[in-house]
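Raw contents of final-v1.txt, compact mmCIF, N, CA and C atoms:
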# COMPACT_ATOMS: atom_id res chain seq x y z
N MET A 1 -81.80 -44.74 -17.47
CA MET A 1 -81.72 -46.18 -17.24
C MET A 1 -82.71 -46.88 -18.16
N THR A 2 -82.30 -48.01 -18.70
CA THR A 2 -83.18 -48.78 -19.57
C THR A 2 -84.21 -49.50 -18.71
N THR A 3 -85.47 -49.44 -19.09
CA THR A 3 -86.56 -50.05 -18.33
C THR A 3 -86.34 -51.54 -18.18
N GLY A 4 -86.65 -52.06 -16.98
CA GLY A 4 -86.59 -53.49 -16.73
C GLY A 4 -85.24 -54.03 -16.36
N LEU A 5 -84.23 -53.17 -16.25
CA LEU A 5 -82.90 -53.66 -15.88
C LEU A 5 -82.62 -53.31 -14.42
N ASP A 6 -81.63 -54.00 -13.86
CA ASP A 6 -81.22 -53.75 -12.49
C ASP A 6 -80.37 -52.49 -12.42
N LYS A 7 -80.22 -52.00 -11.20
CA LYS A 7 -79.33 -50.87 -10.94
C LYS A 7 -78.77 -51.07 -9.54
N HIS A 8 -77.48 -50.85 -9.39
CA HIS A 8 -76.81 -51.02 -8.09
C HIS A 8 -76.16 -49.71 -7.69
N GLN A 9 -76.02 -49.51 -6.39
CA GLN A 9 -75.20 -48.42 -5.87
C GLN A 9 -73.85 -49.04 -5.55
N LEU A 10 -72.77 -48.42 -6.01
CA LEU A 10 -71.41 -48.91 -5.77
C LEU A 10 -70.69 -47.89 -4.91
N ALA A 11 -70.08 -48.36 -3.82
CA ALA A 11 -69.34 -47.48 -2.92
C ALA A 11 -67.97 -48.09 -2.65
N GLY A 12 -67.01 -47.24 -2.28
CA GLY A 12 -65.68 -47.71 -1.94
C GLY A 12 -64.70 -46.57 -1.95
N LEU A 13 -63.43 -46.92 -2.13
CA LEU A 13 -62.35 -45.95 -2.22
C LEU A 13 -61.77 -45.99 -3.62
N ASP A 14 -61.57 -44.82 -4.23
CA ASP A 14 -60.99 -44.79 -5.57
C ASP A 14 -59.47 -44.94 -5.48
N GLU A 15 -58.80 -44.85 -6.62
CA GLU A 15 -57.35 -45.08 -6.67
C GLU A 15 -56.57 -44.02 -5.90
N ARG A 16 -57.22 -42.90 -5.55
CA ARG A 16 -56.55 -41.85 -4.77
C ARG A 16 -57.01 -41.86 -3.31
N GLU A 17 -57.62 -42.98 -2.89
CA GLU A 17 -58.07 -43.17 -1.52
C GLU A 17 -59.22 -42.25 -1.11
N ARG A 18 -60.00 -41.79 -2.08
CA ARG A 18 -61.16 -40.94 -1.80
C ARG A 18 -62.41 -41.80 -1.80
N GLY A 19 -63.28 -41.60 -0.83
CA GLY A 19 -64.54 -42.33 -0.79
C GLY A 19 -65.47 -41.87 -1.90
N PHE A 20 -66.24 -42.80 -2.45
CA PHE A 20 -67.20 -42.45 -3.49
C PHE A 20 -68.40 -43.37 -3.40
N SER A 21 -69.50 -42.94 -3.97
CA SER A 21 -70.71 -43.74 -4.10
C SER A 21 -71.39 -43.31 -5.39
N ARG A 22 -71.57 -44.24 -6.33
CA ARG A 22 -72.15 -43.93 -7.64
C ARG A 22 -73.04 -45.09 -8.09
N PRO A 23 -74.03 -44.79 -8.93
CA PRO A 23 -74.86 -45.87 -9.47
C PRO A 23 -74.14 -46.64 -10.57
N VAL A 24 -74.42 -47.93 -10.63
CA VAL A 24 -73.99 -48.78 -11.74
C VAL A 24 -75.26 -49.14 -12.50
N GLU A 25 -75.25 -48.82 -13.78
CA GLU A 25 -76.40 -49.13 -14.62
C GLU A 25 -76.01 -50.23 -15.59
N PHE A 26 -77.02 -50.84 -16.19
CA PHE A 26 -76.80 -51.91 -17.16
C PHE A 26 -77.42 -51.52 -18.48
N GLU A 27 -76.77 -51.95 -19.54
CA GLU A 27 -77.27 -51.73 -20.91
C GLU A 27 -77.39 -53.09 -21.57
N ARG A 28 -78.41 -53.24 -22.37
CA ARG A 28 -78.52 -54.46 -23.18
C ARG A 28 -77.48 -54.38 -24.29
N ALA A 29 -76.84 -55.51 -24.55
CA ALA A 29 -75.84 -55.62 -25.60
C ALA A 29 -76.07 -56.94 -26.32
N GLY A 30 -76.87 -56.91 -27.37
CA GLY A 30 -77.22 -58.15 -28.06
C GLY A 30 -77.99 -59.06 -27.13
N GLU A 31 -77.47 -60.25 -26.90
CA GLU A 31 -78.11 -61.22 -25.99
C GLU A 31 -77.67 -61.03 -24.55
N GLY A 32 -76.73 -60.11 -24.30
CA GLY A 32 -76.18 -59.96 -22.96
C GLY A 32 -76.36 -58.57 -22.39
N PHE A 33 -75.51 -58.26 -21.41
CA PHE A 33 -75.58 -56.99 -20.69
C PHE A 33 -74.19 -56.43 -20.47
N ARG A 34 -74.12 -55.11 -20.42
CA ARG A 34 -72.90 -54.40 -20.05
C ARG A 34 -73.18 -53.64 -18.76
N ALA A 35 -72.20 -53.60 -17.85
CA ALA A 35 -72.29 -52.76 -16.66
C ALA A 35 -71.58 -51.45 -16.99
N VAL A 36 -72.17 -50.34 -16.53
CA VAL A 36 -71.62 -49.01 -16.83
C VAL A 36 -71.51 -48.21 -15.54
N LEU A 37 -70.31 -47.69 -15.28
CA LEU A 37 -70.07 -46.81 -14.14
C LEU A 37 -69.54 -45.49 -14.66
N ARG A 38 -70.13 -44.41 -14.21
CA ARG A 38 -69.63 -43.06 -14.51
C ARG A 38 -69.18 -42.47 -13.19
N TYR A 39 -67.91 -42.08 -13.14
CA TYR A 39 -67.34 -41.50 -11.92
C TYR A 39 -66.39 -40.40 -12.32
N GLU A 40 -66.74 -39.17 -11.99
CA GLU A 40 -65.99 -37.99 -12.40
C GLU A 40 -65.82 -38.02 -13.92
N ALA A 41 -64.61 -37.95 -14.43
CA ALA A 41 -64.40 -37.94 -15.88
C ALA A 41 -64.24 -39.35 -16.44
N VAL A 42 -64.40 -40.37 -15.60
CA VAL A 42 -64.18 -41.76 -16.01
C VAL A 42 -65.51 -42.44 -16.33
N ARG A 43 -65.52 -43.18 -17.40
CA ARG A 43 -66.65 -44.06 -17.73
C ARG A 43 -66.07 -45.45 -17.95
N VAL A 44 -66.50 -46.40 -17.13
CA VAL A 44 -66.03 -47.78 -17.26
C VAL A 44 -67.22 -48.60 -17.74
N THR A 45 -67.04 -49.30 -18.87
CA THR A 45 -68.08 -50.14 -19.46
C THR A 45 -67.48 -51.52 -19.70
N THR A 46 -68.18 -52.55 -19.25
CA THR A 46 -67.68 -53.91 -19.45
C THR A 46 -68.05 -54.42 -20.84
N ASP A 47 -67.40 -55.49 -21.24
CA ASP A 47 -67.82 -56.22 -22.44
C ASP A 47 -69.15 -56.90 -22.11
N PRO A 48 -69.91 -57.29 -23.12
CA PRO A 48 -71.19 -57.96 -22.86
C PRO A 48 -71.00 -59.29 -22.13
N HIS A 49 -71.92 -59.57 -21.20
CA HIS A 49 -71.95 -60.82 -20.45
C HIS A 49 -73.37 -61.35 -20.45
N PRO A 50 -73.53 -62.67 -20.31
CA PRO A 50 -74.87 -63.26 -20.36
C PRO A 50 -75.82 -62.74 -19.27
N THR A 51 -75.28 -62.35 -18.10
CA THR A 51 -76.12 -61.90 -17.00
C THR A 51 -75.65 -60.54 -16.49
N GLN A 52 -76.57 -59.84 -15.85
CA GLN A 52 -76.21 -58.56 -15.23
C GLN A 52 -75.23 -58.79 -14.09
N ASP A 53 -75.42 -59.84 -13.29
CA ASP A 53 -74.49 -60.14 -12.20
C ASP A 53 -73.08 -60.40 -12.72
N GLY A 54 -72.98 -61.13 -13.83
CA GLY A 54 -71.67 -61.39 -14.43
C GLY A 54 -70.98 -60.11 -14.85
N ALA A 55 -71.73 -59.20 -15.47
CA ALA A 55 -71.17 -57.92 -15.89
C ALA A 55 -70.75 -57.10 -14.68
N LEU A 56 -71.53 -57.15 -13.59
CA LEU A 56 -71.18 -56.41 -12.38
C LEU A 56 -69.88 -56.93 -11.79
N HIS A 57 -69.70 -58.25 -11.73
CA HIS A 57 -68.47 -58.81 -11.17
C HIS A 57 -67.25 -58.44 -12.01
N VAL A 58 -67.40 -58.40 -13.32
CA VAL A 58 -66.29 -57.98 -14.18
C VAL A 58 -65.97 -56.51 -13.93
N LEU A 59 -66.98 -55.68 -13.75
CA LEU A 59 -66.76 -54.27 -13.44
C LEU A 59 -65.98 -54.13 -12.14
N ILE A 60 -66.36 -54.89 -11.12
CA ILE A 60 -65.66 -54.83 -9.82
C ILE A 60 -64.19 -55.21 -10.01
N ARG A 61 -63.91 -56.31 -10.70
CA ARG A 61 -62.53 -56.74 -10.92
C ARG A 61 -61.75 -55.70 -11.71
N THR A 62 -62.38 -55.08 -12.70
CA THR A 62 -61.72 -54.04 -13.49
C THR A 62 -61.33 -52.87 -12.61
N LEU A 63 -62.25 -52.43 -11.76
CA LEU A 63 -61.95 -51.32 -10.86
C LEU A 63 -60.85 -51.68 -9.88
N GLN A 64 -60.86 -52.91 -9.38
CA GLN A 64 -59.82 -53.34 -8.44
C GLN A 64 -58.44 -53.32 -9.10
N THR A 65 -58.35 -53.68 -10.38
CA THR A 65 -57.06 -53.63 -11.06
C THR A 65 -56.58 -52.19 -11.25
N ARG A 66 -57.51 -51.24 -11.19
CA ARG A 66 -57.17 -49.81 -11.31
C ARG A 66 -56.90 -49.17 -9.95
N GLY A 67 -56.92 -49.97 -8.88
CA GLY A 67 -56.58 -49.45 -7.57
C GLY A 67 -57.75 -49.10 -6.67
N TYR A 68 -58.98 -49.38 -7.11
CA TYR A 68 -60.14 -49.13 -6.27
C TYR A 68 -60.22 -50.22 -5.20
N ARG A 69 -60.60 -49.84 -3.97
CA ARG A 69 -60.61 -50.80 -2.87
C ARG A 69 -61.89 -50.67 -2.04
N GLN A 70 -62.08 -51.63 -1.16
CA GLN A 70 -63.21 -51.67 -0.23
C GLN A 70 -64.54 -51.47 -0.97
N LEU A 71 -64.66 -52.13 -2.11
CA LEU A 71 -65.86 -51.97 -2.93
C LEU A 71 -67.02 -52.79 -2.38
N LYS A 72 -68.20 -52.19 -2.47
CA LYS A 72 -69.43 -52.88 -2.07
C LYS A 72 -70.57 -52.33 -2.92
N THR A 73 -71.59 -53.18 -3.13
CA THR A 73 -72.75 -52.78 -3.93
C THR A 73 -74.03 -53.09 -3.18
N GLN A 74 -75.05 -52.32 -3.53
CA GLN A 74 -76.40 -52.56 -3.02
C GLN A 74 -77.36 -52.41 -4.18
N MET A 75 -78.18 -53.43 -4.43
CA MET A 75 -79.15 -53.34 -5.52
C MET A 75 -80.23 -52.33 -5.14
N SER A 76 -80.47 -51.37 -6.03
CA SER A 76 -81.49 -50.36 -5.76
C SER A 76 -82.70 -50.48 -6.70
N PHE A 77 -82.52 -51.14 -7.84
CA PHE A 77 -83.62 -51.44 -8.76
C PHE A 77 -83.48 -52.90 -9.18
N ARG A 78 -84.59 -53.64 -9.19
CA ARG A 78 -84.58 -55.01 -9.71
C ARG A 78 -85.64 -55.07 -10.80
N ASN A 79 -85.21 -55.44 -11.99
CA ASN A 79 -86.13 -55.50 -13.14
C ASN A 79 -86.90 -54.20 -13.30
N GLY A 80 -86.25 -53.08 -13.00
CA GLY A 80 -86.87 -51.77 -13.17
C GLY A 80 -87.69 -51.29 -11.99
N ALA A 81 -87.92 -52.14 -10.97
CA ALA A 81 -88.71 -51.75 -9.79
C ALA A 81 -87.79 -51.23 -8.70
N TYR A 82 -88.13 -50.05 -8.14
CA TYR A 82 -87.31 -49.42 -7.11
C TYR A 82 -87.38 -50.20 -5.81
N LEU A 83 -86.22 -50.46 -5.20
CA LEU A 83 -86.15 -51.23 -3.96
C LEU A 83 -85.78 -50.36 -2.75
N GLY A 84 -85.35 -49.14 -2.99
CA GLY A 84 -84.89 -48.30 -1.88
C GLY A 84 -83.65 -48.91 -1.26
N SER A 85 -83.64 -49.00 0.06
CA SER A 85 -82.49 -49.56 0.79
C SER A 85 -82.81 -50.94 1.36
N GLN A 86 -83.74 -51.66 0.75
CA GLN A 86 -84.17 -52.96 1.27
C GLN A 86 -83.09 -54.03 1.19
N GLU A 87 -82.30 -53.98 0.13
CA GLU A 87 -81.31 -55.03 -0.10
C GLU A 87 -80.06 -54.80 0.75
N LEU A 88 -79.41 -55.90 1.12
CA LEU A 88 -78.17 -55.81 1.88
C LEU A 88 -77.02 -55.40 0.96
N TRP A 89 -76.00 -54.77 1.55
CA TRP A 89 -74.78 -54.46 0.82
C TRP A 89 -73.98 -55.74 0.61
N VAL A 90 -73.40 -55.88 -0.55
CA VAL A 90 -72.50 -57.01 -0.86
C VAL A 90 -71.09 -56.45 -0.94
N GLU A 91 -70.20 -56.98 -0.10
CA GLU A 91 -68.81 -56.50 -0.07
C GLU A 91 -67.94 -57.42 -0.92
N TYR A 92 -66.97 -56.83 -1.61
CA TYR A 92 -66.05 -57.56 -2.47
C TYR A 92 -64.66 -57.46 -1.88
N PRO A 93 -64.05 -58.59 -1.50
CA PRO A 93 -62.72 -58.53 -0.89
C PRO A 93 -61.71 -57.91 -1.84
N ASP A 94 -60.83 -57.11 -1.27
CA ASP A 94 -59.75 -56.54 -2.07
C ASP A 94 -58.84 -57.67 -2.54
N PRO A 95 -58.25 -57.51 -3.73
CA PRO A 95 -57.32 -58.54 -4.20
C PRO A 95 -56.10 -58.62 -3.30
N ASP A 96 -55.43 -59.75 -3.36
CA ASP A 96 -54.21 -59.96 -2.58
C ASP A 96 -53.20 -58.88 -2.94
N THR A 97 -52.72 -58.17 -1.93
CA THR A 97 -51.74 -57.11 -2.18
C THR A 97 -50.37 -57.48 -1.63
N ALA A 98 -50.16 -58.77 -1.34
CA ALA A 98 -48.85 -59.20 -0.86
C ALA A 98 -47.81 -58.95 -1.94
N PRO A 99 -46.59 -58.59 -1.53
CA PRO A 99 -45.55 -58.33 -2.53
C PRO A 99 -45.20 -59.60 -3.31
N HIS A 100 -44.89 -59.42 -4.58
CA HIS A 100 -44.54 -60.54 -5.46
C HIS A 100 -43.20 -60.24 -6.15
N GLY A 101 -42.58 -61.29 -6.65
CA GLY A 101 -41.37 -61.14 -7.46
C GLY A 101 -40.23 -60.49 -6.71
N LEU A 102 -39.51 -59.60 -7.40
CA LEU A 102 -38.34 -58.93 -6.83
C LEU A 102 -38.71 -58.15 -5.58
N TRP A 103 -39.87 -57.48 -5.60
CA TRP A 103 -40.31 -56.72 -4.43
C TRP A 103 -40.43 -57.64 -3.21
N ALA A 104 -40.97 -58.84 -3.39
CA ALA A 104 -41.12 -59.78 -2.28
C ALA A 104 -39.77 -60.17 -1.73
N LYS A 105 -38.78 -60.36 -2.61
CA LYS A 105 -37.42 -60.70 -2.15
C LYS A 105 -36.83 -59.57 -1.32
N LEU A 106 -36.99 -58.35 -1.79
CA LEU A 106 -36.45 -57.21 -1.05
C LEU A 106 -37.10 -57.08 0.32
N VAL A 107 -38.42 -57.24 0.38
CA VAL A 107 -39.13 -57.18 1.66
C VAL A 107 -38.65 -58.31 2.56
N GLY A 108 -38.45 -59.49 1.99
CA GLY A 108 -37.99 -60.64 2.76
C GLY A 108 -36.62 -60.43 3.39
N TRP A 109 -35.74 -59.71 2.73
CA TRP A 109 -34.42 -59.44 3.28
C TRP A 109 -34.49 -58.61 4.55
N PHE A 110 -35.49 -57.77 4.65
CA PHE A 110 -35.57 -56.85 5.78
C PHE A 110 -36.63 -57.25 6.82
N THR A 111 -37.24 -58.40 6.62
CA THR A 111 -38.24 -58.88 7.57
C THR A 111 -37.60 -59.90 8.49
N PRO A 112 -37.68 -59.70 9.83
CA PRO A 112 -37.07 -60.66 10.75
C PRO A 112 -37.72 -62.04 10.61
N ARG A 113 -36.91 -63.06 10.70
CA ARG A 113 -37.41 -64.44 10.62
C ARG A 113 -37.46 -65.04 12.01
N ARG A 114 -38.49 -65.88 12.21
CA ARG A 114 -38.61 -66.55 13.51
C ARG A 114 -37.59 -67.68 13.59
N GLN A 115 -36.97 -67.82 14.73
CA GLN A 115 -35.99 -68.88 14.95
C GLN A 115 -36.67 -70.04 15.68
N GLY A 116 -36.33 -71.25 15.34
CA GLY A 116 -36.81 -72.44 16.04
C GLY A 116 -38.26 -72.78 15.77
N ALA A 117 -38.76 -72.36 14.63
CA ALA A 117 -40.18 -72.64 14.33
C ALA A 117 -40.33 -74.02 13.75

Please, can you express the file's structure as structure tokens?
Amino acid sequence: MTTGLDKHQLAGLDERERGFSRPVEFERAGEGFRAVLRYEAVRVTTDPHPTQDGALHVLIRTLQTRGYRQLKTQMSFRNGAYLGSQELWVEYPDPDTAPHGLWAKLVGWFTPRRQGA
């Protein structure tokens, strides 16, 4: 880990519905920061962002588009200082998974409708 940067613990379910917990580290990238997650054979690195929080949020959205769910983070290092478990977990709502397009029409055909509403 680069000295003076934050570090978060990220937990949730991967695309195969398996629970995981891994550290998210940050790297300096010019004037900004990249968030980096290593999980099994996967390495996810964001584009540079002005803040570490911004890079973390992009990492979360990227993982959600890949099927990761129930994601939450806990800051474990702030500016390079170890925090242990002092910080609260931050939960990220899963994206809307309601059916869209043709799939929504098909589901609608087989879903009972309320009468007299």

Self-check item: Pick from A:Asp6, A:Gly67, A:Lys72, A:Arg38 nearest to Gln52 in chain A, counting all atoms listed in the file
Solution: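 Selected residue with least distance to Gln52 in chain A: A:Asp6.
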
Mind running range 39-82 of chain A against range 14-25 of chain A at 6.5 Å and telling me each contacting residue's nearest atom pair with the distance in Å (one decimal), counting only N, CA and C atoms, chain and number ascending, as a Markdown table?
| residue | atom | partner | partner_atom | distance |
| --- | --- | --- | --- | --- |
| A:Arg66 | C | A:Glu15 | CA | 5.3 |
| A:Gly67 | C | A:Glu15 | CA | 4.0 |
| A:Tyr68 | CA | A:Asp14 | C | 4.3 |
| A:Arg69 | N | A:Asp14 | N | 5.1 |

For the residues selected in the previous step, produce a file with N, CA and C atoms as a PDB file, in the coordinates of the input.
ATOM      1  N   ARG A  66     -57.510 -51.240 -11.190  1.00  0.00           N
ATOM      2  CA  ARG A  66     -57.170 -49.810 -11.310  1.00  0.00           C
ATOM      3  C   ARG A  66     -56.900 -49.170  -9.950  1.00  0.00           C
ATOM      4  N   GLY A  67     -56.920 -49.970  -8.880  1.00  0.00           N
ATOM      5  CA  GLY A  67     -56.580 -49.450  -7.570  1.00  0.00           C
ATOM      6  C   GLY A  67     -57.750 -49.100  -6.670  1.00  0.00           C
ATOM      7  N   TYR A  68     -58.980 -49.380  -7.110  1.00  0.00           N
ATOM      8  CA  TYR A  68     -60.140 -49.130  -6.270  1.00  0.00           C
ATOM      9  C   TYR A  68     -60.220 -50.220  -5.200  1.00  0.00           C
ATOM     10  N   ARG A  69     -60.600 -49.840  -3.970  1.00  0.00           N
ATOM     11  CA  ARG A  69     -60.610 -50.800  -2.870  1.00  0.00           C
ATOM     12  C   ARG A  69     -61.890 -50.670  -2.040  1.00  0.00           C
TER      13      ARG A  69
END

Practice problem: Could you find all residues in range 20-55 of chain A that DSSP calls helix (DSSP H, G or I) from the backbone, and write them as a list of chain:residue names? | Solution: A:Gln52, A:Asp53, A:Gly54, A:Ala55

Exercise. Go ahead and compute the interatomic distance for atom C of Phe26 in chain A and CA of Phe77 in chain A, in Å to one decimal.
Key: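 Atom-to-atom, atom C of Phe26 in chain A and CA of Phe77 in chain A are spaced 11.5 Å apart.
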
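Atom C of Val42 in chain A sits 24.7 Å away from CA of Tyr82 in chain A.
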
Take every atom of range 66-71 of chain A listed in the file, fit an axis-aligned box around them, add 8 Å per side, and give the centre and edge lengths in Å to one decimal as AutoDock Vina command-line options.
--center_x -61.8 --center_y -50.9 --center_z -5.8 --size_x 26.4 --size_y 19.7 --size_z 27.1

Quiz item: Glu31 in chain A: which residues within 12 Å, counting only C-alpha atoms, same-chain residues fewer than 4 positions away excluded, as a ChimeraX atom specification?
Solution: /A:27,47-52

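Counting only N, CA and C atoms and comparing A:Gly30, A:Tyr39, A:Asp94, A:Gly12, the residue that lies closest to Gln64 in chain A is A:Asp94.
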
Quiz item: Interatomic distance between atom C of Thr62 in chain A and CA of Val36 in chain A?
Solution: 11.8 Å

Self-check item: Top pick for closest residue to Leu71 in chain A, considering A:Pro93, A:Gly32, A:Gly4, A:Gly84 and counting only N, CA and C atoms
Solution: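 Residue with the minimum atom-to-atom distance to Leu71 in chain A: A:Pro93.
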
Quiz item: Smallest atom-to-atom distance to Thr65 in chain A: which of A:Asp96, A:Asp53, A:Glu40, A:Glu91, using only C-alpha atoms?
Solution: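 Among A:Asp96, A:Asp53, A:Glu40, A:Glu91, it is A:Asp96 that comes nearest to Thr65 in chain A.
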
Quiz item: Neighbours of Glu87 in chain A within 9 Å (only C-alpha atoms; same-chain residues fewer than 6 positions away dropped), as a PyMOL selection string?
Solution: chain A and resi 74-76
